[in-house]
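Source file: data07.cif. Holds: mmCIF, C-alpha atoms.
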data_my_file
#
loop_
_atom_site.label_atom_id
_atom_site.label_comp_id
_atom_site.auth_asym_id
_atom_site.auth_seq_id
_atom_site.Cartn_x
_atom_site.Cartn_y
_atom_site.Cartn_z
CA MET A 24 -21.54 -66.30 70.21
CA SER A 25 -23.82 -69.20 69.31
CA VAL A 26 -24.68 -69.67 65.64
CA SER A 27 -28.34 -70.15 64.72
CA ALA A 28 -29.51 -72.81 62.30
CA LEU A 29 -30.34 -70.09 59.77
CA GLU A 30 -26.90 -68.57 60.10
CA SER A 31 -25.30 -71.99 59.68
CA LEU A 32 -27.30 -72.43 56.50
CA ARG A 33 -26.16 -69.06 55.16
CA ARG A 34 -22.52 -69.91 55.85
CA HIS A 35 -22.96 -73.27 54.15
CA GLN A 36 -24.45 -71.56 51.11
CA THR A 37 -21.48 -69.19 50.99
CA LYS A 38 -19.06 -72.10 51.15
CA THR A 39 -20.77 -74.06 48.40
CA THR A 40 -21.66 -71.21 46.01
CA HIS A 41 -18.82 -68.73 46.79
CA ARG A 42 -21.47 -66.02 46.91
CA ILE A 43 -21.51 -64.24 50.29
CA HIS A 44 -24.83 -65.06 51.98
CA SER A 45 -23.45 -64.19 55.41
CA LEU A 46 -20.42 -62.11 56.38
CA PRO A 47 -19.89 -62.88 60.08
CA GLN A 48 -17.02 -60.43 60.46
CA LEU A 49 -16.27 -57.07 58.86
CA VAL A 50 -12.97 -55.30 59.49
CA LEU A 51 -13.19 -51.52 59.28
CA MET A 52 -10.11 -49.31 59.24
CA PRO A 53 -11.72 -46.04 60.40
CA HIS A 54 -8.51 -44.03 60.37
CA SER A 55 -5.38 -44.41 58.23
CA ARG A 56 -2.84 -42.91 60.63
CA CYS A 57 -1.01 -44.59 63.51
CA ASN A 58 0.56 -43.26 66.70
CA CYS A 59 3.40 -45.81 66.71
CA ARG A 60 6.38 -46.22 64.39
CA CYS A 61 6.81 -49.98 64.65
CA LEU A 62 9.86 -51.64 63.14
CA MET A 63 7.80 -54.24 61.27
CA CYS A 64 5.06 -51.94 59.92
CA ASP A 65 5.00 -49.03 57.45
CA ILE A 66 1.53 -47.62 58.16
CA TRP A 67 3.00 -44.68 60.08
CA GLN A 68 5.01 -43.60 57.03
CA ALA A 69 1.79 -42.36 55.42
CA ASN A 70 0.65 -40.34 58.44
CA SER A 71 0.68 -37.17 56.35
CA VAL A 72 -2.11 -38.67 54.22
CA LYS A 73 -5.20 -38.56 56.38
CA HIS A 74 -8.07 -40.85 55.38
CA GLU A 75 -11.13 -41.48 57.53
CA LEU A 76 -14.36 -43.37 57.18
CA THR A 77 -17.14 -40.93 58.00
CA ARG A 78 -20.56 -41.58 59.48
CA GLU A 79 -21.96 -40.75 56.03
CA ASP A 80 -19.70 -43.39 54.45
CA LEU A 81 -21.02 -45.98 56.86
CA GLU A 82 -24.64 -44.84 56.58
CA GLN A 83 -24.52 -45.53 52.85
CA GLN A 84 -23.48 -49.13 53.60
CA MET A 85 -26.15 -49.95 56.19
CA GLY A 86 -28.24 -51.79 53.62
CA SER A 87 -25.24 -53.86 52.63
CA LEU A 88 -24.38 -54.72 56.23
CA ARG A 89 -27.99 -55.78 56.76
CA ASN A 90 -28.04 -57.86 53.57
CA LEU A 91 -24.72 -59.48 54.49
CA HIS A 92 -25.87 -60.27 58.06
CA VAL A 93 -22.71 -58.80 59.60
CA GLN A 94 -22.44 -59.87 63.24
CA ARG A 95 -19.07 -58.51 64.36
CA VAL A 96 -17.19 -55.38 63.33
CA VAL A 97 -13.48 -55.19 64.06
CA LEU A 98 -12.09 -51.65 64.26
CA SER A 99 -8.56 -51.86 62.98
CA GLY A 100 -5.97 -49.42 61.68
CA GLY A 101 -3.70 -47.56 61.84
CA GLU A 102 -5.00 -46.55 65.20
CA ALA A 103 -8.80 -46.39 65.20
CA LEU A 104 -8.83 -44.17 68.31
CA MET A 105 -7.25 -41.36 66.27
CA HIS A 106 -10.54 -41.02 64.35
CA GLN A 107 -12.29 -37.65 64.78
CA ASN A 108 -15.29 -39.33 66.39
CA LEU A 109 -15.15 -43.09 66.35
CA TRP A 110 -18.20 -43.33 68.57
CA LEU A 111 -20.49 -41.96 65.84
CA LEU A 112 -19.58 -45.02 63.78
CA CYS A 113 -20.16 -47.33 66.75
CA GLU A 114 -23.51 -45.67 67.44
CA LEU A 115 -24.59 -46.27 63.85
CA LEU A 116 -23.59 -49.94 64.03
CA ARG A 117 -25.60 -50.42 67.20
CA GLU A 118 -28.58 -48.67 65.62
CA LEU A 119 -28.41 -51.21 62.82
CA ASN A 120 -28.16 -54.13 65.23
CA PRO A 121 -28.18 -53.71 69.03
CA GLU A 122 -26.53 -57.13 69.26
CA MET A 123 -23.65 -56.14 66.96
CA GLN A 124 -20.33 -57.15 68.50
CA ILE A 125 -17.59 -54.50 68.23
CA THR A 126 -13.92 -55.35 68.72
CA LEU A 127 -11.31 -52.61 68.95
CA LEU A 128 -7.71 -53.27 67.87
CA SER A 129 -5.39 -50.70 69.43
CA THR A 130 -1.80 -49.79 70.12
CA GLY A 131 -2.99 -48.97 73.63
CA LEU A 132 -1.55 -45.46 73.74
CA LEU A 133 -4.95 -43.73 73.83
CA LEU A 134 -6.94 -46.23 75.89
CA LYS A 135 -6.65 -44.21 79.09
CA VAL A 136 -7.93 -41.07 77.35
CA PHE A 137 -10.96 -42.82 75.84
CA ALA A 138 -11.55 -45.51 78.47
CA ALA A 139 -15.17 -44.59 79.20
CA ASP A 140 -16.19 -44.53 75.53
CA VAL A 141 -14.27 -47.70 74.73
CA VAL A 142 -16.08 -49.61 77.47
CA LYS A 143 -19.43 -48.11 76.43
CA TRP A 144 -19.20 -48.98 72.74
CA CYS A 145 -16.76 -51.87 72.36
CA ASP A 146 -17.28 -55.42 73.58
CA GLU A 147 -13.57 -56.16 73.81
CA VAL A 148 -10.16 -54.69 73.08
CA ILE A 149 -7.20 -56.43 71.49
CA VAL A 150 -3.93 -54.57 72.02
CA SER A 151 -0.51 -54.98 70.49
CA ILE A 152 2.35 -55.98 72.77
CA ASP A 153 5.91 -56.43 71.51
CA GLY A 154 7.92 -57.24 74.59
CA SER A 155 8.66 -56.52 78.18
CA PRO A 156 8.76 -52.75 78.79
CA GLU A 157 12.15 -51.80 77.34
CA ILE A 158 11.83 -53.97 74.25
CA HIS A 159 8.20 -53.02 73.63
CA ASN A 160 9.14 -49.35 73.69
CA ALA A 161 12.07 -49.95 71.33
CA VAL A 162 9.93 -51.85 68.82
CA ARG A 163 7.14 -49.27 68.96
CA ARG A 164 9.65 -46.40 68.90
CA VAL A 165 7.44 -44.39 71.24
CA PRO A 166 8.55 -43.28 74.73
CA ARG A 167 6.67 -45.01 77.57
CA ALA A 168 4.56 -47.01 75.11
CA PHE A 169 4.43 -50.01 77.46
CA GLU A 170 3.64 -47.89 80.48
CA ARG A 171 0.84 -46.09 78.63
CA LEU A 172 -0.52 -49.45 77.48
CA ALA A 173 -0.60 -50.71 81.08
CA GLU A 174 -2.28 -47.49 82.25
CA GLY A 175 -4.88 -47.85 79.51
CA ILE A 176 -5.78 -51.38 80.52
CA ALA A 177 -6.09 -50.29 84.15
CA ALA A 178 -8.37 -47.42 83.07
CA LEU A 179 -10.66 -49.80 81.18
CA ARG A 180 -10.93 -52.05 84.22
CA ALA A 181 -11.63 -49.03 86.40
CA GLU A 182 -14.61 -48.28 84.16
CA ARG A 183 -15.80 -51.88 84.18
CA SER A 184 -14.38 -54.62 86.33
CA GLY A 185 -13.35 -57.63 84.28
CA TYR A 186 -13.55 -55.82 80.94
CA PRO A 187 -11.93 -58.19 78.38
CA VAL A 188 -8.55 -57.14 77.01
CA SER A 189 -6.33 -59.53 75.10
CA ALA A 190 -3.16 -59.03 73.05
CA ARG A 191 -1.40 -59.98 69.88
CA CYS A 192 2.36 -60.11 69.60
CA VAL A 193 4.46 -60.20 66.43
CA LEU A 194 7.61 -62.19 67.11
CA GLN A 195 10.51 -61.02 64.97
CA ARG A 196 14.23 -60.40 65.11
CA THR A 197 14.12 -57.72 67.80
CA ASN A 198 11.95 -59.53 70.35
CA PHE A 199 11.92 -63.30 69.82
CA ARG A 200 14.37 -63.90 72.67
CA ASP A 201 12.03 -61.95 74.96
CA LEU A 202 9.16 -64.43 74.51
CA PRO A 203 9.15 -65.71 78.13
CA ASN A 204 9.26 -62.13 79.43
CA ILE A 205 6.42 -61.13 77.10
CA ILE A 206 4.19 -63.79 78.64
CA GLU A 207 5.09 -62.64 82.14
CA ALA A 208 4.51 -59.00 81.18
CA ALA A 209 1.10 -59.93 79.76
CA HIS A 210 0.15 -61.40 83.12
CA ALA A 211 1.55 -58.38 84.98
CA ILE A 212 -0.62 -55.85 83.12
CA GLY A 213 -3.74 -57.97 83.47
CA LEU A 214 -4.32 -59.29 79.95
CA ASN A 215 -6.90 -62.06 79.55
CA ARG A 216 -5.07 -63.78 76.73
CA ILE A 217 -2.15 -63.40 74.35
CA SER A 218 -1.61 -64.66 70.82
CA PHE A 219 1.61 -64.84 68.81
CA MET A 220 2.37 -64.52 65.12
CA ALA A 221 5.37 -64.15 62.83
CA ALA A 222 6.19 -60.92 61.03
CA ASP A 223 4.88 -60.33 57.52
CA VAL A 224 7.87 -59.53 55.31
CA SER A 225 6.53 -60.56 51.91
CA SER A 226 3.24 -58.77 51.20
CA THR A 227 2.11 -55.29 50.19
CA ALA A 228 -0.09 -54.93 53.27
CA PHE A 229 0.51 -52.30 55.95
CA ASN A 230 1.21 -49.44 53.53
CA ARG A 231 3.85 -51.10 51.38
CA PRO A 232 3.63 -50.07 47.71
CA GLU A 233 5.93 -53.01 46.94
CA PRO A 234 6.99 -56.06 48.96
CA TRP A 235 10.06 -55.48 51.09
CA GLN A 236 13.48 -56.22 49.63
CA GLU A 237 16.85 -56.62 51.29
CA PRO A 238 18.15 -55.23 53.56
CA ARG A 239 14.68 -54.37 54.96
CA VAL A 240 13.65 -58.04 55.21
CA SER A 241 16.72 -58.92 57.26
CA GLU A 242 15.97 -56.15 59.73
CA VAL A 243 12.81 -58.01 60.78
CA ALA A 244 13.09 -61.67 59.71
CA LEU A 245 15.34 -64.16 61.49
CA ASP A 246 18.44 -65.65 59.90
CA PRO A 247 19.05 -69.44 60.09
CA ALA A 248 21.04 -69.30 63.34
CA GLU A 249 18.44 -67.07 64.98
CA THR A 250 15.67 -69.40 63.81
CA GLN A 251 17.37 -72.33 65.55
CA GLU A 252 17.68 -70.23 68.69
CA PHE A 253 14.01 -69.25 68.37
CA ALA A 254 13.01 -72.91 68.18
CA ARG A 255 14.85 -73.53 71.46
CA VAL A 256 13.13 -70.53 73.07
CA VAL A 257 9.76 -71.91 71.98
CA GLU A 258 10.51 -75.33 73.47
CA ASP A 259 11.56 -73.70 76.73
CA VAL A 260 8.31 -71.69 76.80
CA ILE A 261 6.24 -74.81 76.15
CA GLN A 262 7.81 -76.43 79.19
CA ARG A 263 7.82 -73.41 81.51
CA PHE A 264 4.35 -72.10 80.74
CA ALA A 265 2.40 -75.35 80.47
CA THR A 266 -0.40 -74.00 82.66
CA ASP A 267 -0.84 -71.01 80.34
CA PHE A 268 -1.36 -73.36 77.40
CA ASP A 269 -3.78 -75.47 79.41
CA SER A 270 -5.80 -72.41 80.46
CA HIS A 271 -5.61 -70.91 76.94
CA PHE A 272 -4.00 -67.76 78.31
CA ILE A 273 -1.64 -68.45 75.41
CA SER A 274 -4.07 -68.77 72.52
CA GLU A 275 -1.91 -71.09 70.43
CA ASN A 276 -1.36 -74.68 71.42
CA PRO A 277 2.28 -75.85 71.49
CA ALA A 278 2.10 -77.27 67.96
CA LYS A 279 0.92 -73.93 66.57
CA LEU A 280 3.61 -72.01 68.44
CA ARG A 281 6.21 -74.32 66.88
CA ARG A 282 4.99 -73.17 63.46
CA LEU A 283 6.63 -69.75 63.98
CA PRO A 284 10.27 -70.94 63.81
CA ARG A 285 9.26 -73.16 60.89
CA TYR A 286 7.92 -70.09 59.09
CA TYR A 287 11.27 -68.30 59.44
CA ASP A 288 13.11 -71.46 58.43
CA ALA A 289 11.08 -71.50 55.23
CA LEU A 290 11.93 -67.86 54.52
CA ASN A 291 15.59 -68.92 54.69
CA GLY A 292 14.97 -71.75 52.21
CA LEU A 293 15.13 -74.42 54.92
CA GLY A 294 11.93 -76.42 54.54
CA GLU A 295 8.41 -75.65 53.46
CA LEU A 296 6.10 -72.97 54.82
CA PRO A 297 3.62 -74.36 57.38
CA GLN A 298 0.33 -75.32 55.73
CA THR A 299 -2.21 -72.51 55.69
CA VAL A 300 -5.72 -73.06 57.03
CA CYS A 301 -7.88 -69.99 56.42
CA ASN A 302 -11.41 -69.10 55.31
CA ALA A 303 -11.15 -65.29 55.63
CA PRO A 304 -12.39 -64.43 52.10
CA TRP A 305 -15.60 -66.41 52.73
CA VAL A 306 -16.40 -65.11 56.24
CA SER A 307 -14.76 -61.70 56.46
CA SER A 308 -13.81 -58.60 54.52
CA VAL A 309 -11.68 -55.50 55.05
CA VAL A 310 -12.75 -51.91 54.31
CA GLU A 311 -9.83 -49.52 54.44
CA ALA A 312 -9.97 -45.86 55.49
CA ASP A 313 -10.11 -44.68 51.86
CA GLY A 314 -12.99 -47.06 51.10
CA THR A 315 -10.93 -49.80 49.45
CA VAL A 316 -12.47 -53.25 49.91
CA ARG A 317 -10.30 -56.36 50.16
CA PRO A 318 -11.12 -60.01 50.92
CA CYS A 319 -8.44 -59.81 53.64
CA PHE A 320 -5.49 -57.56 54.49
CA PHE A 321 -3.22 -59.21 51.95
CA HIS A 322 -5.11 -59.87 48.73
CA LYS A 323 -5.80 -57.37 45.97
CA ALA A 324 -8.67 -54.91 46.19
CA LEU A 325 -12.12 -55.93 44.97
CA GLY A 326 -13.55 -52.42 44.75
CA ASN A 327 -14.32 -49.27 46.72
CA ILE A 328 -17.40 -48.38 48.77
CA HIS A 329 -17.33 -44.86 47.33
CA GLU A 330 -18.16 -46.42 43.96
CA GLN A 331 -20.38 -49.41 44.83
CA PRO A 332 -22.25 -50.81 47.82
CA LEU A 333 -20.26 -53.35 49.82
CA ASP A 334 -22.59 -56.27 49.11
CA GLN A 335 -22.35 -55.65 45.37
CA ILE A 336 -18.56 -55.51 45.56
CA LEU A 337 -18.29 -58.76 47.51
CA ASN A 338 -20.74 -60.56 45.24
CA SER A 339 -19.53 -59.20 41.92
CA PRO A 340 -18.68 -61.82 39.28
CA GLU A 341 -14.99 -61.04 39.81
CA ALA A 342 -15.20 -61.50 43.59
CA ILE A 343 -17.12 -64.76 43.28
CA ALA A 344 -14.60 -66.05 40.75
CA PHE A 345 -11.74 -65.06 43.08
CA ARG A 346 -13.17 -67.14 45.92
CA ARG A 347 -14.12 -70.03 43.66
CA ASP A 348 -10.61 -70.28 42.26
CA LEU A 349 -8.75 -69.61 45.52
CA ASP A 350 -6.91 -72.56 47.05
CA VAL A 351 -5.27 -71.23 50.20
CA THR A 352 -2.92 -74.22 50.35
CA VAL A 353 -1.18 -73.27 47.10
CA ASN A 354 -1.89 -69.57 46.53
CA PRO A 355 1.46 -67.73 47.03
CA THR A 356 -0.10 -64.91 49.07
CA CYS A 357 -1.95 -67.35 51.33
CA LYS A 358 1.01 -69.70 51.75
CA ALA A 359 3.17 -66.86 53.09
CA CYS A 360 0.40 -65.35 55.23
CA VAL A 361 1.09 -64.80 58.94
CA CYS A 362 -2.44 -63.66 59.90
CA THR A 363 -4.90 -66.39 58.96
CA LEU A 364 -8.51 -66.71 60.02
CA SER A 365 -10.40 -69.93 60.52
CA LEU A 366 -13.77 -68.70 61.69
CA GLY A 367 -16.31 -71.34 62.61
CA ARG A 368 -14.04 -74.32 62.27
CA ARG A 369 -11.10 -75.85 64.07
CA SER A 370 -7.78 -75.53 62.34
CA PRO A 371 -5.00 -78.11 62.62
CA ALA A 372 -1.51 -77.18 63.68
#
Hey, can you dump this file as structure tokens for me?
Amino acid sequence: MSVSALESLRRHQTKTTHRIHSLPQLVLMPHSRCNCRCLMCDIWQANSVKHELTREDLEQQMGSLRNLHVQRVVLSGGEALMHQNLWLLCELLRELNPEMQITLLSTGLLLKVFAADVVKWCDEVIVSIDGSPEIHNAVRRVPRAFERLAEGIAALRAERSGYPVSARCVLQRTNFRDLPNIIEAAHAIGLNRISFMAADVSSTAFNRPEPWQEPRVSEVALDPAETQEFARVVEDVIQRFATDFDSHFISENPAKLRRLPRYYDALNGLGELPQTVCNAPWVSSVVEADGTVRPCFFHKALGNIHEQPLDQILNSPEAIAFRRDLDVTVNPTCKACVCTLSLGRRSPA
């Protein structure tokens, strides 16, 4: 999406004043539950607690979204497709701005069921993939999860030829050796692109009241010997899949992919964490299913939309001070982050 001169000015004002003049991306978590039980995520453990953002919740924030000049809404989760009627929220967003871009993040299990509505309301889908079929199913701990994902992608394409579907993959102890097979599986099910990240084992995101401790960390993170093996797997992938890097089917360039073993090395006390490049708190925000507002998935809450409008929360004195004082290169939460955003600028490896 091209950025107008006025929008560029708004973003510049945000950067220089730390007051949000433009929020290009808003992440909504419409539904708190998930239909997977992934090894590296605890969201599913709170499935008995059902939170949803209602149409009324969103209606009350339309003025804020207009004032903040939101251009893209990312529907995250949990699994957004478990919402009672996700399409009422999408309809409201399009009423606010017919040009609003809507991205759906999904486990893929319900894509076949809702294919027609997904294609109607969402501009793209980003699915989670954790391995070739057997490993993906083991990580997700759901029977036929890979097969249902593949069927869902096929259903979307049956509704609209060429409909864009990409994937994210968390590489961790269970699946890092499967990296070459993951790339081949991504081609086989017709993905447009795939991106890779390390597992978050240090934050309170993803329904963790407290950061993980041992032995939970070791179930997901790599030990020193595995990290060395991972580095060799990455080098092999860089050689074998050179055309996929050149075509950007693999979103990361080789230097960025090499950051993943370095991240696990750092967790083992062997070297420094790769430098973080991120501007998420200045260009994005997260609204959780219970109304909690965060600058990103990992930092502390700034407020709740059931108590204040979103624009007032994001531009409160406390929120402005948070952004003004935040140095992502030294902040402990940012340094350990595995899910950075660098919207509108190119980030170095």
Practice item. Quick one: apply the PyMOL selection byres ((chain A and resi 100) around 9) to the file and drop the selected residues here as a PyMOL selection string. Key: chain A and resi 51-57+66+98-99+101-104+128-129+311-312
Those selected residues, please, written with C-alpha atoms and delivered as a short mmCIF file (atom, residue, chain, number, x, y, z; two decimals), in the coordinates of the input.
data_model
loop_
_atom_site.label_atom_id
_atom_site.label_comp_id
_atom_site.auth_asym_id
_atom_site.auth_seq_id
_atom_site.Cartn_x
_atom_site.Cartn_y
_atom_site.Cartn_z
CA LEU A 51 -13.19 -51.52 59.28
CA MET A 52 -10.11 -49.31 59.24
CA PRO A 53 -11.72 -46.04 60.40
CA HIS A 54 -8.51 -44.03 60.37
CA SER A 55 -5.38 -44.41 58.23
CA ARG A 56 -2.84 -42.91 60.63
CA CYS A 57 -1.01 -44.59 63.51
CA ILE A 66 1.53 -47.62 58.16
CA LEU A 98 -12.09 -51.65 64.26
CA SER A 99 -8.56 -51.86 62.98
CA GLY A 101 -3.70 -47.56 61.84
CA GLU A 102 -5.00 -46.55 65.20
CA ALA A 103 -8.80 -46.39 65.20
CA LEU A 104 -8.83 -44.17 68.31
CA LEU A 128 -7.71 -53.27 67.87
CA SER A 129 -5.39 -50.70 69.43
CA GLU A 311 -9.83 -49.52 54.44
CA ALA A 312 -9.97 -45.86 55.49
#
Practice item. Give me, please, the distance in Å between atom CA of Arg78 of chain A and atom CA of Phe320 of chain A, quoted to one decimal. Key: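 Value for the atom CA of Arg78 of chain A-atom CA of Phe320 of chain A distance: 22.5 Å.
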**Study point:** Distance criterion (only C-alpha atoms): nearest to His74 of chain A out of A:Glu237, A:Leu49, A:Asp313, A:Asn338
**Key:**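 So, comparing all the options, the nearest one is A:Asp313.
Taking all atoms listed in the file into account, Ala190 of chain A lies nearest to A:Arg216 out of the set A:Arg347, A:His106, A:Arg33, A:Arg216.
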Practice item. Considering all atoms listed in the file, return as an MDAnalysis selection string whatever protein or nucleic-acid residues lie within 12 Å of Ser155 of chain A, sequence-local ones (same chain, fewer than 4 positions apart) excluded. Key: chainID A and resid 159:163 167:170 172:173 192 197:212
Point to revise | Output check: residues returned by the PyMOL selection byres ((chain A and resi 261-264) around 9), as a PyMOL selection string | key: chain A and resi 203+206+256-260+265-269+273+276-277+280
Emit the selected residues as a short mmCIF file (atom, residue, chain, number, x, y, z; two decimals), in the frame of the given file, including C-alpha atoms.
data_model
loop_
_atom_site.label_atom_id
_atom_site.label_comp_id
_atom_site.auth_asym_id
_atom_site.auth_seq_id
_atom_site.Cartn_x
_atom_site.Cartn_y
_atom_site.Cartn_z
CA PRO A 203 9.15 -65.71 78.13
CA ILE A 206 4.19 -63.79 78.64
CA VAL A 256 13.13 -70.53 73.07
CA VAL A 257 9.76 -71.91 71.98
CA GLU A 258 10.51 -75.33 73.47
CA ASP A 259 11.56 -73.70 76.73
CA VAL A 260 8.31 -71.69 76.80
CA ALA A 265 2.40 -75.35 80.47
CA THR A 266 -0.40 -74.00 82.66
CA ASP A 267 -0.84 -71.01 80.34
CA PHE A 268 -1.36 -73.36 77.40
CA ASP A 269 -3.78 -75.47 79.41
CA ILE A 273 -1.64 -68.45 75.41
CA ASN A 276 -1.36 -74.68 71.42
CA PRO A 277 2.28 -75.85 71.49
CA LEU A 280 3.61 -72.01 68.44
#
Check your understanding: Care to translate the PyMOL selection byres ((chain A and resi 88) around 12) into actual residues of this file, as a PyMOL selection string?
Key -> chain A and resi 43-50+81-87+89-96+115-120+123+307-308+332-335+337
Exercise for review: Report the distance between atom CA of Phe137 of chain A and atom CA of Arg60 of chain A in Å, rounded to one decimal place.
Suggested key: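 So the two atoms, atom CA of Phe137 of chain A and atom CA of Arg60 of chain A, lie 21.1 Å apart.
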Review point. Which residue out of A:Gly185, A:Gly367, A:Pro238, A:Gly292 has the minimum interatomic distance to Val224 of chain A when all atoms listed in the file are used?
Key: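 Using all atoms listed in the file, Val224 of chain A sits closest to A:Pro238.
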Check your understanding: So which residues touch Asn327 of chain A within 8 Å, counting all atoms listed in the file, skipping near sequence neighbours fewer than 6 positions away, as a ChimeraX atom specification?
Key -> /A:314-316,333,336
Review point. Distance atom CA of Leu111 of chain A-atom CA of Gly213 of chain A, one decimal place?
Key: 29.1 Å
Answer as an mmCIF file with C-alpha atoms, in the coordinates of the input, residues within 7 Å of (2.7, -66.3, 69.5) using all atoms listed in the file:
data_model
loop_
_atom_site.group_PDB
_atom_site.id
_atom_site.type_symbol
_atom_site.label_atom_id
_atom_site.label_comp_id
_atom_site.auth_asym_id
_atom_site.auth_seq_id
_atom_site.Cartn_x
_atom_site.Cartn_y
_atom_site.Cartn_z
ATOM 1 C CA CYS A 192 2.360 -60.110 69.600
ATOM 2 C CA LEU A 194 7.610 -62.190 67.110
ATOM 3 C CA SER A 218 -1.610 -64.660 70.820
ATOM 4 C CA PHE A 219 1.610 -64.840 68.810
ATOM 5 C CA MET A 220 2.370 -64.520 65.120
ATOM 6 C CA GLU A 275 -1.910 -71.090 70.430
ATOM 7 C CA LEU A 280 3.610 -72.010 68.440
#
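Minimum atom-to-atom distances from A:Ser339, A:Asn291, A:Thr250, A:Ser226 to Lys358 of chain A were compared using all atoms listed in the file, and the lowest value belongs to A:Ser226.
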Exercise for review: Choose the residue, out of A:Ile176, A:Ala139, A:Leu112, A:Ala324, that has the smallest atom-to-atom separation from Ala342 of chain A; count all atoms listed in the file.
Suggested key: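 Smallest distance to Ala342 of chain A is found for A:Ala324.
In terms of minimum interatomic distance to Ile158 of chain A, A:Cys61 ranks closest within A:Cys61, A:Cys360, A:Leu29, A:Leu245, counting all atoms listed in the file.
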Practice item. Up to 10 Å from (-17.2, -66.0, 44.1) in the file's coordinates: name the residues, counting all atoms listed in the file, as a PyMOL selection string. Key: chain A and resi 37-43+304-305+337-349
